[in-house]
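Text of protein.cif (mmCIF, C-alpha atoms and all ligand atoms) as supplied:
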```
data_upload
#
loop_
_atom_site.label_atom_id
_atom_site.label_comp_id
_atom_site.auth_asym_id
_atom_site.auth_seq_id
_atom_site.Cartn_x
_atom_site.Cartn_y
_atom_site.Cartn_z
CA MET I 1 8.48 29.08 0.84
CA THR I 2 8.58 27.70 4.35
CA HIS I 3 6.42 25.19 6.13
CA THR I 4 6.92 23.82 9.63
CA PRO I 5 6.47 20.04 9.50
CA ARG I 6 3.37 18.89 11.39
CA LYS I 7 3.67 15.74 13.43
CA ARG I 8 -0.05 14.99 13.44
CA PHE I 9 -0.01 14.75 9.65
CA GLY I 10 3.01 12.44 9.73
CA GLN I 11 5.15 14.96 7.88
CA ASN I 12 8.71 13.84 7.16
CA PHE I 13 9.87 15.53 4.00
CA LEU I 14 12.30 13.77 1.69
CA HIS I 15 15.32 15.91 0.92
CA ASP I 16 17.96 13.40 -0.22
CA HIS I 17 18.31 13.78 -3.98
CA SER I 18 20.02 10.45 -4.49
CA ILE I 19 16.98 8.72 -2.92
CA ILE I 20 14.58 10.77 -5.05
CA ASN I 21 16.60 9.74 -8.13
CA ASN I 22 16.55 6.08 -7.07
CA ILE I 23 12.78 6.24 -6.74
CA LEU I 24 12.45 7.83 -10.18
CA ALA I 25 14.75 5.20 -11.70
CA SER I 26 12.66 2.41 -10.13
CA ILE I 27 9.29 3.62 -11.35
CA GLN I 28 10.19 4.11 -15.04
CA THR I 29 7.51 6.61 -16.02
CA GLN I 30 6.06 7.10 -19.49
CA PRO I 31 4.62 10.45 -20.60
CA ASP I 32 1.17 9.01 -21.47
CA GLU I 33 0.60 7.58 -17.98
CA HIS I 34 -1.84 8.73 -15.32
CA TRP I 35 -0.20 9.05 -11.90
CA VAL I 36 -1.60 9.69 -8.44
CA GLU I 37 0.58 10.93 -5.62
CA ILE I 38 -0.64 10.66 -2.05
CA GLY I 39 0.72 13.12 0.51
CA PRO I 40 2.87 15.28 -1.81
CA GLY I 41 4.05 17.47 1.07
CA MET I 42 6.20 20.24 -0.38
CA GLY I 43 6.53 18.46 -3.69
CA ALA I 44 9.83 16.56 -3.46
CA LEU I 45 8.48 13.83 -5.75
CA THR I 46 5.75 15.93 -7.36
CA GLU I 47 8.10 18.25 -9.17
CA PRO I 48 10.20 15.62 -10.98
CA LEU I 49 7.01 13.73 -11.87
CA LEU I 50 5.45 16.87 -13.37
CA LYS I 51 8.58 17.51 -15.38
CA LYS I 52 8.14 14.11 -17.05
CA GLY I 53 5.00 15.50 -18.68
CA LEU I 54 2.71 12.75 -17.40
CA ARG I 55 -0.79 13.38 -16.05
CA LEU I 56 -0.69 13.76 -12.26
CA ASP I 57 -3.35 13.95 -9.55
CA ILE I 58 -2.16 14.70 -6.03
CA VAL I 59 -4.10 14.23 -2.77
CA GLU I 60 -2.98 16.27 0.23
CA LEU I 61 -4.71 16.67 3.61
CA ASP I 62 -2.86 19.71 4.98
CA ARG I 63 -4.58 22.82 3.57
CA ASP I 64 -1.50 24.99 4.08
CA LEU I 65 0.50 22.62 1.93
CA VAL I 66 -2.28 22.60 -0.67
CA SER I 67 -2.00 26.40 -1.03
CA LEU I 68 1.76 26.18 -1.18
CA LEU I 69 1.58 23.50 -3.89
CA LYS I 70 -1.04 25.42 -5.89
CA ASP I 71 1.26 28.38 -5.98
CA LYS I 72 4.47 26.47 -6.60
CA PHE I 73 3.08 24.43 -9.51
CA ARG I 74 0.70 27.02 -11.02
CA HIS I 75 2.47 26.86 -14.39
CA TYR I 76 1.88 23.13 -14.89
CA ASN I 77 -1.26 22.16 -16.79
CA ASN I 78 -0.73 18.40 -16.24
CA LEU I 79 -1.53 18.67 -12.50
CA GLN I 80 -4.79 18.32 -10.53
CA ILE I 81 -4.60 19.10 -6.82
CA HIS I 82 -7.12 17.52 -4.45
CA SER I 83 -7.40 18.98 -0.99
CA ALA I 84 -8.65 15.82 0.71
CA ASP I 85 -8.10 12.95 3.11
CA ALA I 86 -6.67 10.05 1.09
CA LEU I 87 -8.41 7.58 3.41
CA LYS I 88 -11.78 8.89 2.20
CA PHE I 89 -10.81 9.78 -1.35
CA ASN I 90 -12.56 7.95 -4.19
CA PHE I 91 -9.61 6.88 -6.32
CA SER I 92 -11.74 4.98 -8.83
CA GLU I 93 -13.27 8.31 -9.92
CA LEU I 94 -9.89 9.37 -11.26
CA ALA I 95 -9.83 6.39 -13.61
CA SER I 96 -11.96 7.46 -16.53
CA SER I 97 -13.82 4.25 -17.37
CA SER I 98 -15.68 1.45 -15.62
CA PRO I 99 -13.90 -1.83 -14.71
CA ASP I 100 -14.93 -3.84 -17.79
CA ILE I 101 -13.73 -1.34 -20.37
CA LEU I 102 -10.71 0.07 -18.58
CA LYS I 103 -7.66 -0.26 -20.80
CA GLN I 104 -4.25 -1.11 -19.43
CA ASN I 105 -2.79 2.32 -20.13
CA GLU I 106 -5.72 4.07 -18.39
CA LYS I 107 -4.97 2.42 -15.09
CA LEU I 108 -3.56 4.56 -12.32
CA ARG I 109 0.01 4.38 -11.13
CA VAL I 110 0.12 5.35 -7.47
CA ILE I 111 3.04 6.71 -5.47
CA GLY I 112 3.49 8.16 -2.01
CA ASN I 113 5.81 8.76 0.85
CA LEU I 114 3.00 7.90 3.22
CA PRO I 115 2.32 9.06 6.73
CA TYR I 116 3.25 5.87 8.57
CA ASN I 117 0.29 5.99 10.95
CA ILE I 118 -2.25 5.64 8.11
CA SER I 119 -0.28 3.45 5.72
CA THR I 120 -2.02 0.11 6.35
CA PRO I 121 -5.65 1.33 6.16
CA LEU I 122 -4.72 3.46 3.15
CA MET I 123 -3.26 0.51 1.22
CA PHE I 124 -6.39 -1.55 1.87
CA HIS I 125 -8.57 1.41 0.89
CA LEU I 126 -6.71 1.62 -2.44
CA LEU I 127 -6.97 -2.14 -2.93
CA ASP I 128 -10.77 -1.92 -2.69
CA ASN I 129 -10.39 -0.50 -6.20
CA ALA I 130 -7.45 -2.63 -7.30
CA TYR I 131 -9.00 -3.08 -10.76
CA CYS I 132 -8.13 0.51 -11.71
CA ILE I 133 -4.56 0.39 -10.36
CA GLU I 134 -1.56 -0.59 -12.44
CA ASP I 135 0.94 -0.49 -9.59
CA MET I 136 1.82 1.32 -6.36
CA HIS I 137 5.14 2.45 -4.94
CA PHE I 138 5.21 3.50 -1.31
CA MET I 139 7.76 4.70 1.17
CA LEU I 140 6.91 2.93 4.43
CA GLN I 141 8.58 1.91 7.65
CA LYS I 142 11.03 -0.83 6.68
CA GLU I 143 9.48 -3.08 9.30
CA VAL I 144 6.08 -2.76 7.59
CA VAL I 145 7.56 -3.44 4.13
CA GLU I 146 9.23 -6.58 5.51
CA ARG I 147 5.93 -7.76 6.95
CA ILE I 148 4.13 -7.10 3.65
CA CYS I 149 6.68 -9.14 1.70
CA ALA I 150 7.32 -11.93 4.25
CA ALA I 151 7.07 -15.59 3.23
CA PRO I 152 5.60 -18.39 5.41
CA ASP I 153 7.70 -19.88 8.21
CA SER I 154 9.18 -16.55 9.21
CA LYS I 155 8.56 -14.32 12.22
CA LYS I 156 7.47 -11.37 10.08
CA TYR I 157 4.84 -13.40 8.24
CA GLY I 158 1.40 -12.37 9.47
CA ARG I 159 -2.00 -10.98 8.59
CA LEU I 160 -0.53 -8.11 6.59
CA SER I 161 1.62 -10.51 4.49
CA VAL I 162 -1.28 -12.83 3.66
CA MET I 163 -3.82 -10.13 2.87
CA MET I 164 -1.45 -7.96 0.83
CA GLN I 165 -0.14 -10.97 -1.09
CA TYR I 166 -3.71 -12.00 -1.87
CA TYR I 167 -4.17 -8.67 -3.68
CA CYS I 168 -0.68 -7.95 -5.00
CA GLU I 169 2.71 -9.07 -6.02
CA THR I 170 4.97 -7.45 -3.40
CA GLU I 171 8.64 -6.46 -3.51
CA LEU I 172 10.99 -4.49 -1.25
CA LEU I 173 13.02 -2.30 -3.62
CA PHE I 174 15.48 -0.51 -1.35
CA GLU I 175 15.98 0.92 2.11
CA VAL I 176 16.00 4.59 3.01
CA PRO I 177 17.83 5.84 6.11
CA PRO I 178 16.27 8.34 8.56
CA GLU I 179 18.63 11.19 7.59
CA SER I 180 17.09 11.34 4.11
CA PHE I 181 14.09 13.11 5.69
CA ASP I 182 13.45 16.36 7.47
CA PRO I 183 12.66 15.86 10.28
CA ALA I 184 14.36 12.44 10.52
CA PRO I 185 11.97 9.68 11.61
CA LYS I 186 13.11 7.29 14.35
CA VAL I 187 13.00 4.22 12.11
CA MET I 188 14.46 2.91 8.85
CA SER I 189 12.20 3.26 5.83
CA ALA I 190 11.97 1.27 2.60
CA ILE I 191 10.32 1.50 -0.79
CA VAL I 192 7.83 -1.23 -1.61
CA ARG I 193 6.41 -2.06 -5.03
CA LEU I 194 2.88 -3.48 -5.11
CA ILE I 195 1.42 -4.81 -8.36
CA PRO I 196 -2.26 -5.85 -8.10
CA HIS I 197 -2.78 -9.36 -9.51
CA GLN I 198 -4.67 -9.45 -12.82
CA GLN I 199 -6.21 -12.75 -11.71
CA PRO I 200 -6.54 -13.72 -8.02
CA PRO I 201 -3.67 -16.13 -7.22
CA VAL I 202 -5.98 -18.42 -5.19
CA ILE I 203 -9.72 -19.13 -5.15
CA VAL I 204 -11.43 -16.99 -2.52
CA ASN I 205 -15.24 -17.04 -2.30
CA ASP I 206 -15.43 -14.03 0.00
CA VAL I 207 -12.46 -11.92 1.00
CA LYS I 208 -14.13 -11.08 4.34
CA LYS I 209 -14.00 -14.75 5.26
CA LEU I 210 -10.36 -14.98 4.27
CA ASN I 211 -9.69 -11.96 6.46
CA ARG I 212 -11.62 -13.50 9.37
CA VAL I 213 -9.68 -16.76 9.34
CA VAL I 214 -6.32 -15.01 8.89
CA THR I 215 -7.03 -12.52 11.70
CA GLU I 216 -8.16 -15.27 14.06
CA ALA I 217 -5.20 -17.56 13.30
CA PHE I 218 -2.60 -14.82 13.80
CA SER I 219 -4.25 -13.26 16.84
CA GLN I 220 -2.89 -16.28 18.73
CA ARG I 221 0.06 -17.09 16.52
CA ARG I 222 1.82 -19.35 19.06
CA LYS I 223 -1.15 -21.70 19.20
CA THR I 224 -1.74 -24.61 16.87
CA LEU I 225 -4.49 -24.15 14.30
CA ARG I 226 -6.85 -26.60 15.96
CA ASN I 227 -6.80 -24.31 19.00
CA SER I 228 -6.53 -20.87 17.43
CA LEU I 229 -9.32 -21.58 14.90
CA LYS I 230 -11.59 -23.46 17.33
CA LYS I 231 -14.35 -20.87 17.05
CA LEU I 232 -14.42 -21.04 13.25
CA VAL I 233 -13.65 -24.59 12.09
CA THR I 234 -13.35 -28.09 13.55
CA GLU I 235 -10.18 -30.15 13.56
CA GLU I 236 -11.84 -32.57 11.10
CA GLN I 237 -12.50 -29.73 8.68
CA ILE I 238 -8.85 -28.64 8.83
CA VAL I 239 -7.71 -32.22 8.16
CA SER I 240 -10.19 -32.54 5.28
CA LEU I 241 -8.30 -29.72 3.51
CA ASP I 242 -5.02 -31.63 3.84
CA ILE I 243 -3.75 -29.11 6.37
CA ASN I 244 -2.04 -30.42 9.48
CA PRO I 245 -4.01 -29.07 12.50
CA VAL I 246 -0.93 -28.94 14.73
CA LEU I 247 0.75 -26.37 12.49
CA ARG I 248 0.70 -22.70 13.46
CA ALA I 249 -0.61 -19.77 11.46
CA GLU I 250 2.88 -18.81 10.29
CA ASN I 251 3.31 -22.20 8.58
CA LEU I 252 0.34 -21.77 6.24
CA SER I 253 0.47 -20.57 2.66
CA LEU I 254 -1.97 -18.08 1.18
CA ASN I 255 -3.65 -21.02 -0.54
CA ASP I 256 -4.14 -22.82 2.80
CA PHE I 257 -5.78 -19.72 4.26
CA ALA I 258 -7.97 -19.38 1.16
CA LYS I 259 -9.20 -22.97 1.57
CA LEU I 260 -9.94 -22.42 5.27
CA GLY I 261 -11.79 -19.17 4.54
CA ASN I 262 -13.92 -20.90 1.91
CA LEU I 263 -15.17 -23.30 4.61
CA LEU I 264 -16.81 -20.55 6.66
CA ASP I 265 -20.55 -19.84 6.44
N1 LIG T 1 5.84 13.22 -0.27
C1 LIG T 1 6.45 14.28 0.53
C2 LIG T 1 5.81 14.42 1.93
C3 LIG T 1 5.82 13.21 2.81
S1 LIG T 1 5.19 13.52 4.43
C4 LIG T 1 7.92 14.04 0.61
O1 LIG T 1 8.35 12.93 0.32
O2 LIG T 1 8.66 14.95 0.99
C5 LIG T 1 3.56 12.85 4.33
C6 LIG T 1 2.57 13.75 3.63
O3 LIG T 1 1.25 13.16 3.69
C7 LIG T 1 2.42 15.14 4.25
O4 LIG T 1 2.40 16.09 3.22
C8 LIG T 1 1.06 15.09 4.96
O5 LIG T 1 0.44 16.35 5.12
C9 LIG T 1 0.29 14.16 4.04
N2 LIG T 1 -0.85 13.49 4.67
C10 LIG T 1 -0.99 13.06 5.95
N3 LIG T 1 -2.15 12.44 6.14
C11 LIG T 1 -2.79 12.45 4.93
C12 LIG T 1 -4.06 11.97 4.48
N4 LIG T 1 -4.90 11.32 5.29
N5 LIG T 1 -4.39 12.17 3.19
C13 LIG T 1 -3.54 12.83 2.33
N6 LIG T 1 -2.34 13.30 2.72
C14 LIG T 1 -1.97 13.12 4.00
#
```
Would you mind giving the structure from this file in structure tokens?
Amino acid sequence: MTHTPRKRFGQNFLHDHSIINNILASIQTQPDEHWVEIGPGMGALTEPLLKKGLRLDIVELDRDLVSLLKDKFRHYNNLQIHSADALKFNFSELASSSPDILKQNEKLRVIGNLPYNISTPLMFHLLDNAYCIEDMHFMLQKEVVERICAAPDSKKYGRLSVMMQYYCETELLFEVPPESFDPAPKVMSAIVRLIPHQQPPVIVNDVKKLNRVVTEAFSQRRKTLRNSLKKLVTEEQIVSLDINPVLRAENLSLNDFAKLGNLLD
């Protein structure tokens, strides 16, 4: 079985068994769980997952790989293969019940060594249906994982940190060097664990407003808030929330951003 990796599909296949084993040790699967793998490629993670006996749905865009996977895993009856674009895929349909009656053990556990060019939109697409997701483990560029997990007052703290931390608990698990893949990417990678919050950690009236204020504040991150947020809120409004208007975006907590977002019309 051969397949020439395609750059346009972001194909970097994992071939380092110690990394695959580290991933498996981190995720701690149970046989009665329902898993979803995004971008299975040639099945480096798919195969060990299938062997655990759990229920697995995989979503792959490259049709050649879909045929290869169908053939390779034809003897497994715990696998469903979806030939589809994960960015457009309706993940909530895989979860059997509606939000109010979904039981904990029916939630999806998501995993993927993601194509790096689509990783951010894909994570937000999945988080649109966060209610049906138990957790997610992704291989991403290390730089992106650091931005997702960054705390205030650091250079890496930005829009991605605030928005992801609004939806999830985030944790960098371990780094993965380029030579673990074929072909080797140019950058270091890392595994991130994302656990959607059961209850929102802060009060947000409308997530679009939170997003607007966060985007605006970080689009001019060197400016003080009273300048960077001029179009959205007045200096008096910022002060009324007990936030110092001469701070910069990177000094604000998620809760500060939530309060600012709640001020918008
Ligand atoms: N998980 C495999 C492959 C990683 S490469 C491994 O670790 O070896 C990334 C995979 O994502 C490729 O198989 C690629 O074809 C697939 N892919 C790229 N864009 C996708 C999309 N929009 N939806 C689903 N799969 C996609």
What are the centre and edge lengths in Å, to one decimal, of the axis-aligned box around all listed atoms of ligand LIG 1 (chain T) with 3 Å added on each side, as JSON?
```
{"center_x": 1.9, "center_y": 13.8, "center_z": 2.9, "size_x": 19.6, "size_y": 11.0, "size_z": 12.4}
```
Item to check | Contacts with ligand LIG 1 (chain T) at most 10 Å, all atoms listed in the file counted, listed as number ranges by chain | outcome: I: 5-16, 20, 37-46, 58-66, 82-89, 111-119, 122, 138-139, 180-183
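Across the model, the gap from atom CA of I:Gly158 to atom CA of I:Lys230 is 18.8 Å.
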Checklist entry - Which residue out of I:Ile23, I:Val36, I:Leu225, I:Leu247 has the minimum interatomic distance to I:Glu134 when only C-alpha atoms are used? => result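 Of I:Ile23, I:Val36, I:Leu225, I:Leu247, the one nearest I:Glu134, counting only C-alpha atoms, is I:Val36.
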Next on the checklist: Within 10 Å of (-11.2, 8.3, -9.8) in the file's own coordinates, which protein, DNA or RNA residues have an atom, counting only C-alpha atoms? List them as a PyMOL selection string.
Outcome noted: chain I and resi 36+57+89-97+108+129+132
Checklist outcome for this item: Atom pair atom CA of I:Gln237 + atom CA of I:Ser161, distance 24.2 Å
Next on the checklist: For a quick check of understanding, using all atoms listed in the file, which of I:Pro177, I:Pro245, I:Gly261, I:Gly53 has the smallest distance to I:Ser228?
Outcome noted: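 Under the stated criterion, the closest residue is I:Pro245.
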Next on the checklist: Counting all atoms listed in the file, which residue out of I:Val239, I:Met188, I:Leu24, I:Ala217 sits closest to I:Phe257?
Outcome noted: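 Checking each of I:Val239, I:Met188, I:Leu24, I:Ala217 against I:Phe257, counting all atoms listed in the file, the winner is I:Ala217.
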Next on the checklist: Nearest residue to I:Asp32 out of I:Glu106, I:Leu79, I:Leu49, I:Thr234, using all atoms listed in the file?
Outcome noted: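 Once distances to I:Asp32 are computed over all atoms listed in the file, the minimum belongs to I:Glu106.
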Next on the checklist: Please report the interatomic distance between atom CA of I:Asp135 and atom CA of I:Asn251 in Å with one decimal.
Outcome noted: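 Between these atoms lies a distance of 28.4 Å.
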Output as a compact mmCIF listing (two decimals), in the frame of the given file: stretch 200-211 of chain I, completed with all heavy atoms.
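Result file follows (result03.txt):
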```txt
# COMPACT_ATOMS: atom_id res chain seq x y z
N PRO I 200 -6.87 -13.34 -9.40
CA PRO I 200 -6.54 -13.72 -8.02
C PRO I 200 -5.65 -14.96 -8.03
O PRO I 200 -5.87 -15.88 -8.81
CB PRO I 200 -7.90 -14.04 -7.40
CG PRO I 200 -8.92 -13.41 -8.29
CD PRO I 200 -8.30 -13.31 -9.66
N PRO I 201 -4.60 -15.01 -7.21
CA PRO I 201 -3.67 -16.13 -7.22
C PRO I 201 -4.25 -17.40 -6.60
O PRO I 201 -3.73 -18.50 -6.82
CB PRO I 201 -2.49 -15.62 -6.38
CG PRO I 201 -3.07 -14.56 -5.50
CD PRO I 201 -4.21 -13.95 -6.26
N VAL I 202 -5.32 -17.26 -5.83
CA VAL I 202 -5.98 -18.42 -5.19
C VAL I 202 -7.49 -18.19 -5.27
O VAL I 202 -7.94 -17.07 -5.48
CB VAL I 202 -5.56 -18.55 -3.71
CG1 VAL I 202 -4.09 -18.91 -3.57
CG2 VAL I 202 -5.85 -17.26 -2.93
N ILE I 203 -8.26 -19.27 -5.08
CA ILE I 203 -9.72 -19.13 -5.15
C ILE I 203 -10.26 -18.69 -3.79
O ILE I 203 -10.10 -19.40 -2.80
CB ILE I 203 -10.38 -20.45 -5.58
CG1 ILE I 203 -9.86 -20.85 -6.96
CG2 ILE I 203 -11.91 -20.33 -5.57
CD1 ILE I 203 -10.16 -22.30 -7.31
N VAL I 204 -10.85 -17.51 -3.75
CA VAL I 204 -11.43 -16.99 -2.52
C VAL I 204 -12.89 -16.63 -2.79
O VAL I 204 -13.18 -15.80 -3.64
CB VAL I 204 -10.64 -15.74 -2.04
CG1 VAL I 204 -11.39 -14.99 -0.95
CG2 VAL I 204 -9.25 -16.14 -1.54
N ASN I 205 -13.82 -17.30 -2.06
CA ASN I 205 -15.24 -17.04 -2.30
C ASN I 205 -15.64 -15.67 -1.77
O ASN I 205 -16.49 -15.00 -2.33
CB ASN I 205 -16.11 -18.10 -1.63
CG ASN I 205 -15.79 -19.48 -2.17
OD1 ASN I 205 -15.23 -19.60 -3.26
ND2 ASN I 205 -16.14 -20.52 -1.41
N ASP I 206 -15.05 -15.30 -0.64
CA ASP I 206 -15.43 -14.03 0.00
C ASP I 206 -14.21 -13.54 0.79
O ASP I 206 -13.76 -14.21 1.72
CB ASP I 206 -16.61 -14.31 0.93
CG ASP I 206 -17.07 -13.07 1.68
OD1 ASP I 206 -16.37 -12.03 1.63
OD2 ASP I 206 -18.12 -13.13 2.33
N VAL I 207 -13.70 -12.40 0.39
CA VAL I 207 -12.46 -11.92 1.00
C VAL I 207 -12.63 -11.62 2.50
O VAL I 207 -11.69 -11.74 3.28
CB VAL I 207 -11.90 -10.71 0.20
CG1 VAL I 207 -12.75 -9.49 0.39
CG2 VAL I 207 -10.47 -10.40 0.56
N LYS I 208 -13.87 -11.32 2.90
CA LYS I 208 -14.13 -11.08 4.34
C LYS I 208 -13.88 -12.34 5.15
O LYS I 208 -13.42 -12.29 6.29
CB LYS I 208 -15.58 -10.62 4.56
CG LYS I 208 -15.86 -9.23 4.05
CD LYS I 208 -17.11 -8.67 4.74
CE LYS I 208 -17.62 -7.45 4.01
NZ LYS I 208 -18.59 -7.81 2.92
N LYS I 209 -14.22 -13.48 4.56
CA LYS I 209 -14.00 -14.75 5.26
C LYS I 209 -12.51 -15.08 5.33
O LYS I 209 -12.03 -15.60 6.34
CB LYS I 209 -14.77 -15.87 4.57
CG LYS I 209 -16.27 -15.70 4.71
CD LYS I 209 -17.01 -16.79 3.98
CE LYS I 209 -18.50 -16.50 4.02
NZ LYS I 209 -19.25 -17.41 3.16
N LEU I 210 -11.82 -14.80 4.25
CA LEU I 210 -10.36 -14.98 4.27
C LEU I 210 -9.78 -14.13 5.39
O LEU I 210 -8.99 -14.61 6.22
CB LEU I 210 -9.75 -14.57 2.92
CG LEU I 210 -8.22 -14.51 2.88
CD1 LEU I 210 -7.61 -15.91 3.01
CD2 LEU I 210 -7.72 -13.86 1.58
N ASN I 211 -10.19 -12.89 5.45
CA ASN I 211 -9.69 -11.96 6.46
C ASN I 211 -10.01 -12.48 7.87
O ASN I 211 -9.17 -12.41 8.77
CB ASN I 211 -10.32 -10.59 6.22
CG ASN I 211 -9.67 -9.52 7.08
OD1 ASN I 211 -8.48 -9.60 7.39
ND2 ASN I 211 -10.44 -8.55 7.50
```
